[in-house]
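Visitor: One structure, pasted below without further comment.
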Protein chains: 2
Amino acid sequence: MLKKSMQRDEILSYLKSVNTHPTAETIYMEVKKAIPDISLATVYRNLKLLSENGEILELTYGSSSSRFDGNTSPHYHFVCEKCKNVYDIMMDLTDELHSMVTREGYLPYGHRLEFFGVCKDCCQKLKA
Amino acid sequence: MLKKSMQRDEILSYLKSVNTHPTAETIYMEVKKAIPDISLATVYRNLKLLSENGEILELTYGSSSSRFDGNTSPHYHFVCEKCKNVYDIMMDLTDELHSMVTREGYLPYGHRLEFFGVCKDCCQKLKA
DNA sequence: CTAGGTGCAAAATGTTTGCACACGA
DNA sequence: TCGTGTGCAAACATTTTGCACCTAG
């Protein structure tokens with residue numbers, strides 16, 4: 001069971017109050033102002049709990065290490081939550097998407113789009 | 001100036017040959033098959049060089065540490081490659097995007113879209 | 001020859017875990 | 001009270017750096 005804790009409350013309310021995307025270290029520094037003897041480990045533990053519960057979003061590429069892409073041609077990915085396979089979605093929305101963010105004042109070089117769900121094969125199996 | 005090196009060539013050609021998005025460690029293991037005494041440090045150094053030169057893409061959220069988002073409503077991200085800030089793009093293309101992949105036979109639960117490029121502020125600085 | 005590249009090991013960063021104690025239901 | 005949460009320090013994982021040697025231009 002998830003018990004209430006002052007530390008977790010403070011972390012969540014800090015994250016809800018800002019529109020930046022702070023790192024664990026930044027969150028630690030900020031929350032420390034309210035709870036001076038909080039530890040960094042507690043911050044990490046609660047960030048993990050909160051994102052598992054869907055109350056916050058962790059922005060990573062899955063693992064803790066960077067990933068590198070040698071592919072220049074535009075394509076997207078579909079990650080199946082059943083079979084864990086990663087499928088290529090051969091689609092290119094570069095013009096549409098980039099013109100949308102360009103209108104907002106950004107200069108986009110590229111983008112990444114990933115879908116999560118169930119693939120064709122696993123859909124079949126679910127029906128059967 | 002950038003000198004040619006067997007190690008860098010091998011890393012680049014490996015990355016161009018796969019459609020996965022390997023970590024530095026994976027790249028190291030693979031390139032080691034061709035150049036057995038390559039070191040992990042060399043892999044890191046060359047990955048950095050190659051991505052600085054735009055020959056490959058590093059997929060991260062800027063810093064080497066995770067970032068956390070208290071905003072769970074549907075929105076996208078813009079990662080500035082200069083200042084490393086992550087900006088919210090308040091846009092929701094769920095209906096459009098999901099109907100596209102549904103037509104391909106997938107059953108999408110969600111998706112993630114992030115742009116990379118240069119933000120408004122850094123565009124200004126580049127011009128100056 | 002010389003600036004840049006390399007391997008190695010150590011250091012620097014970022015994150016997780018073991019443990020004993022503290023706290024909320 | 002009992003199971004969860006916490007702080008601390010140590011362990012781990014990932015990435016960077018200092019250094020002496022090597023290599024392409």
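Here's how to read the names in the structure tokens: chain A, B, ... by the order shown, residue numbers from 1 in each chain, ligand numbers from 1 in the order shown.
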Do a least-squares overlay of chain A on chain B, C-alpha atoms all paired in order, then report the RMSD in Å.

Guide: 3.2 Å

Visitor: Could you give me, as a list in words, each residue of stretch 14-76 of chain A that DSSP assigns to strand (DSSP E) when run on this structure's backbone?

Guide: Leu57, Glu58, Leu59, Arg67, Phe68, Asp69 and Tyr76 of chain A

Visitor: Please produce an output containing N, CA, C and O atoms for each residue in the selection, written as a CSV table (one decimal), in the first residue's frame.

Guide:
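Everything below was put into result_0.csv:
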chain,number,residue,atom,x,y,z
A,57,LEU,N,5.6,12.1,-15.3
A,57,LEU,CA,6.2,11.5,-16.5
A,57,LEU,C,7.7,11.5,-16.4
A,57,LEU,O,8.2,12.6,-16.1
A,58,GLU,N,8.3,10.4,-16.6
A,58,GLU,CA,9.8,10.4,-16.7
A,58,GLU,C,10.2,10.4,-18.1
A,58,GLU,O,9.7,9.6,-19.0
A,59,LEU,N,11.0,11.4,-18.5
A,59,LEU,CA,11.4,11.6,-19.9
A,59,LEU,C,12.8,11.0,-20.1
A,59,LEU,O,13.8,11.6,-19.9
A,67,ARG,N,21.0,6.6,-26.6
A,67,ARG,CA,20.9,5.7,-27.7
A,67,ARG,C,21.3,6.5,-29.0
A,67,ARG,O,21.1,7.7,-29.0
A,68,PHE,N,21.9,5.8,-29.9
A,68,PHE,CA,22.4,6.5,-31.1
A,68,PHE,C,21.7,6.0,-32.4
A,68,PHE,O,21.5,4.8,-32.5
A,69,ASP,N,21.4,6.9,-33.3
A,69,ASP,CA,20.7,6.6,-34.5
A,69,ASP,C,21.5,7.0,-35.7
A,69,ASP,O,21.7,8.1,-35.9
A,76,TYR,N,8.9,5.9,-38.0
A,76,TYR,CA,8.5,6.0,-36.6
A,76,TYR,C,8.5,4.5,-36.0
A,76,TYR,O,8.8,3.6,-36.7

Visitor: Output as a VMD selection string all residues of stretch 89-119 of chain A that backbone DSSP marks as alpha helix (DSSP H).

Guide: chain A and resid 94 to 102

Visitor: For the residues in the current selection, export N, CA, C and O atoms as a PDB file, in the first residue's frame.

Guide:
ATOM      1  N   THR A  94       6.980  14.795 -41.470  1.00  0.00           N
ATOM      2  CA  THR A  94       7.916  15.883 -41.196  1.00  0.00           C
ATOM      3  C   THR A  94       7.358  17.247 -41.577  1.00  0.00           C
ATOM      4  O   THR A  94       7.370  18.172 -40.762  1.00  0.00           O
ATOM      5  N   ASP A  95       6.853  17.368 -42.806  1.00  0.00           N
ATOM      6  CA  ASP A  95       6.371  18.673 -43.261  1.00  0.00           C
ATOM      7  C   ASP A  95       5.261  19.201 -42.353  1.00  0.00           C
ATOM      8  O   ASP A  95       5.320  20.344 -41.890  1.00  0.00           O
ATOM      9  N   GLU A  96       4.280  18.357 -42.085  1.00  0.00           N
ATOM     10  CA  GLU A  96       3.147  18.772 -41.260  1.00  0.00           C
ATOM     11  C   GLU A  96       3.597  19.155 -39.854  1.00  0.00           C
ATOM     12  O   GLU A  96       3.290  20.242 -39.346  1.00  0.00           O
ATOM     13  N   LEU A  97       4.353  18.231 -39.220  1.00  0.00           N
ATOM     14  CA  LEU A  97       4.732  18.451 -37.823  1.00  0.00           C
ATOM     15  C   LEU A  97       5.681  19.636 -37.685  1.00  0.00           C
ATOM     16  O   LEU A  97       5.521  20.461 -36.793  1.00  0.00           O
ATOM     17  N   HIS A  98       6.677  19.706 -38.561  1.00  0.00           N
ATOM     18  CA  HIS A  98       7.659  20.769 -38.421  1.00  0.00           C
ATOM     19  C   HIS A  98       7.045  22.146 -38.704  1.00  0.00           C
ATOM     20  O   HIS A  98       7.427  23.124 -38.064  1.00  0.00           O
ATOM     21  N   SER A  99       6.097  22.197 -39.615  1.00  0.00           N
ATOM     22  CA  SER A  99       5.509  23.513 -39.857  1.00  0.00           C
ATOM     23  C   SER A  99       4.686  23.950 -38.652  1.00  0.00           C
ATOM     24  O   SER A  99       4.607  25.137 -38.347  1.00  0.00           O
ATOM     25  N   MET A 100       4.131  22.966 -37.929  1.00  0.00           N
ATOM     26  CA  MET A 100       3.385  23.314 -36.725  1.00  0.00           C
ATOM     27  C   MET A 100       4.286  23.923 -35.655  1.00  0.00           C
ATOM     28  O   MET A 100       3.933  24.917 -35.027  1.00  0.00           O
ATOM     29  N   VAL A 101       5.468  23.330 -35.418  1.00  0.00           N
ATOM     30  CA  VAL A 101       6.339  23.876 -34.375  1.00  0.00           C
ATOM     31  C   VAL A 101       7.107  25.100 -34.863  1.00  0.00           C
ATOM     32  O   VAL A 101       7.459  25.966 -34.070  1.00  0.00           O
ATOM     33  N   THR A 102       7.318  25.172 -36.173  1.00  0.00           N
ATOM     34  CA  THR A 102       7.974  26.357 -36.716  1.00  0.00           C
ATOM     35  C   THR A 102       7.097  27.582 -36.465  1.00  0.00           C
ATOM     36  O   THR A 102       7.587  28.652 -36.108  1.00  0.00           O
TER      37      THR A 102
END

Visitor: I'd like a table as a Markdown table: residues in chain B with an atom no more than 10 Å from chain D, each row giving the shortest atom pair and its distance in Å to one decimal, only C-alpha atoms (C1' of nucleotides) counted, sorted by chain and rising residue number.

Guide:
| residue | atom | partner | partner_atom | distance |
| --- | --- | --- | --- | --- |
| B:Lys3 | CA | D:DA24 | C1' | 6.8 |
| B:Lys4 | CA | D:DA24 | C1' | 7.1 |
| B:Ser5 | CA | D:DA24 | C1' | 8.2 |
| B:Ala24 | CA | D:DT14 | C1' | 9.5 |
| B:Glu25 | CA | D:DT14 | C1' | 9.4 |
| B:Leu40 | CA | D:DT15 | C1' | 9.8 |
| B:Ala41 | CA | D:DT16 | C1' | 8.2 |
| B:Tyr44 | CA | D:DT15 | C1' | 7.6 |
| B:Arg45 | CA | D:DT16 | C1' | 8.9 |
| B:Ser64 | CA | D:DT15 | C1' | 8.5 |

Visitor: Can you work out which one of A:Leu15, A:Phe78, A:Glu52, A:Thr42 has the shortest atom-to-atom distance to C:DT17, counting only C-alpha atoms (C1' of nucleotides)?

Guide: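 Of all the options, A:Thr42 lies closest to C:DT17.
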
Visitor: Do me a favour and pick out the residues of chain B within 6 Å of chain A, using only C-alpha atoms, as a ChimeraX atom specification.

Guide: /B:15-16,21-23,56-60,66-70,105-120

Visitor: Rounded to one decimal, what separation in Å do you get between atom CA of B:Val31 and atom CA of B:Asn53?

Guide: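 Computing it gives 20.2 Å between the two atoms.
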
Visitor: Show me which bits of chain C are within 9 Å of chain B, counting only C-alpha atoms (C1' of nucleotides), as a list in words.

Guide: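 That gives DA3, DG4, DG5, DT6, DG7, DC8, DT13 and DG14 of chain C for chain C.
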
Visitor: With C-alpha atoms (C1' of nucleotides) retained, could you export that selection as a PDB file, in the first residue's frame?

Guide:
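That gives us result15.pdb:
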ATOM      1  C1'  DA C   3      47.724  18.111 -34.366  1.00  0.00           C
ATOM      2  C1'  DG C   4      44.516  14.936 -33.610  1.00  0.00           C
ATOM      3  C1'  DG C   5      43.294   9.961 -32.193  1.00  0.00           C
ATOM      4  C1'  DT C   6      43.862   5.896 -29.096  1.00  0.00           C
ATOM      5  C1'  DG C   7      43.930   2.649 -25.033  1.00  0.00           C
ATOM      6  C1'  DC C   8      44.047   2.419 -20.384  1.00  0.00           C
ATOM      7  C1'  DT C  13      28.280  11.867 -12.813  1.00  0.00           C
ATOM      8  C1'  DG C  14      23.976   9.889 -12.182  1.00  0.00           C
TER       9       DG C  14
END

Visitor: Which value, in Å to one decimal, gives the distance between atom CA of B:Pro36 and atom C1' of C:DA9?

Guide: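 It comes out at 18.4 Å.
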
Visitor: For a test of reading the model, state the distance in Å between atom CA of B:Val43 and atom CA of B:Tyr28, rounded to one decimal.

Guide: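 Separation between atom CA of B:Val43 and atom CA of B:Tyr28: 6.2 Å.
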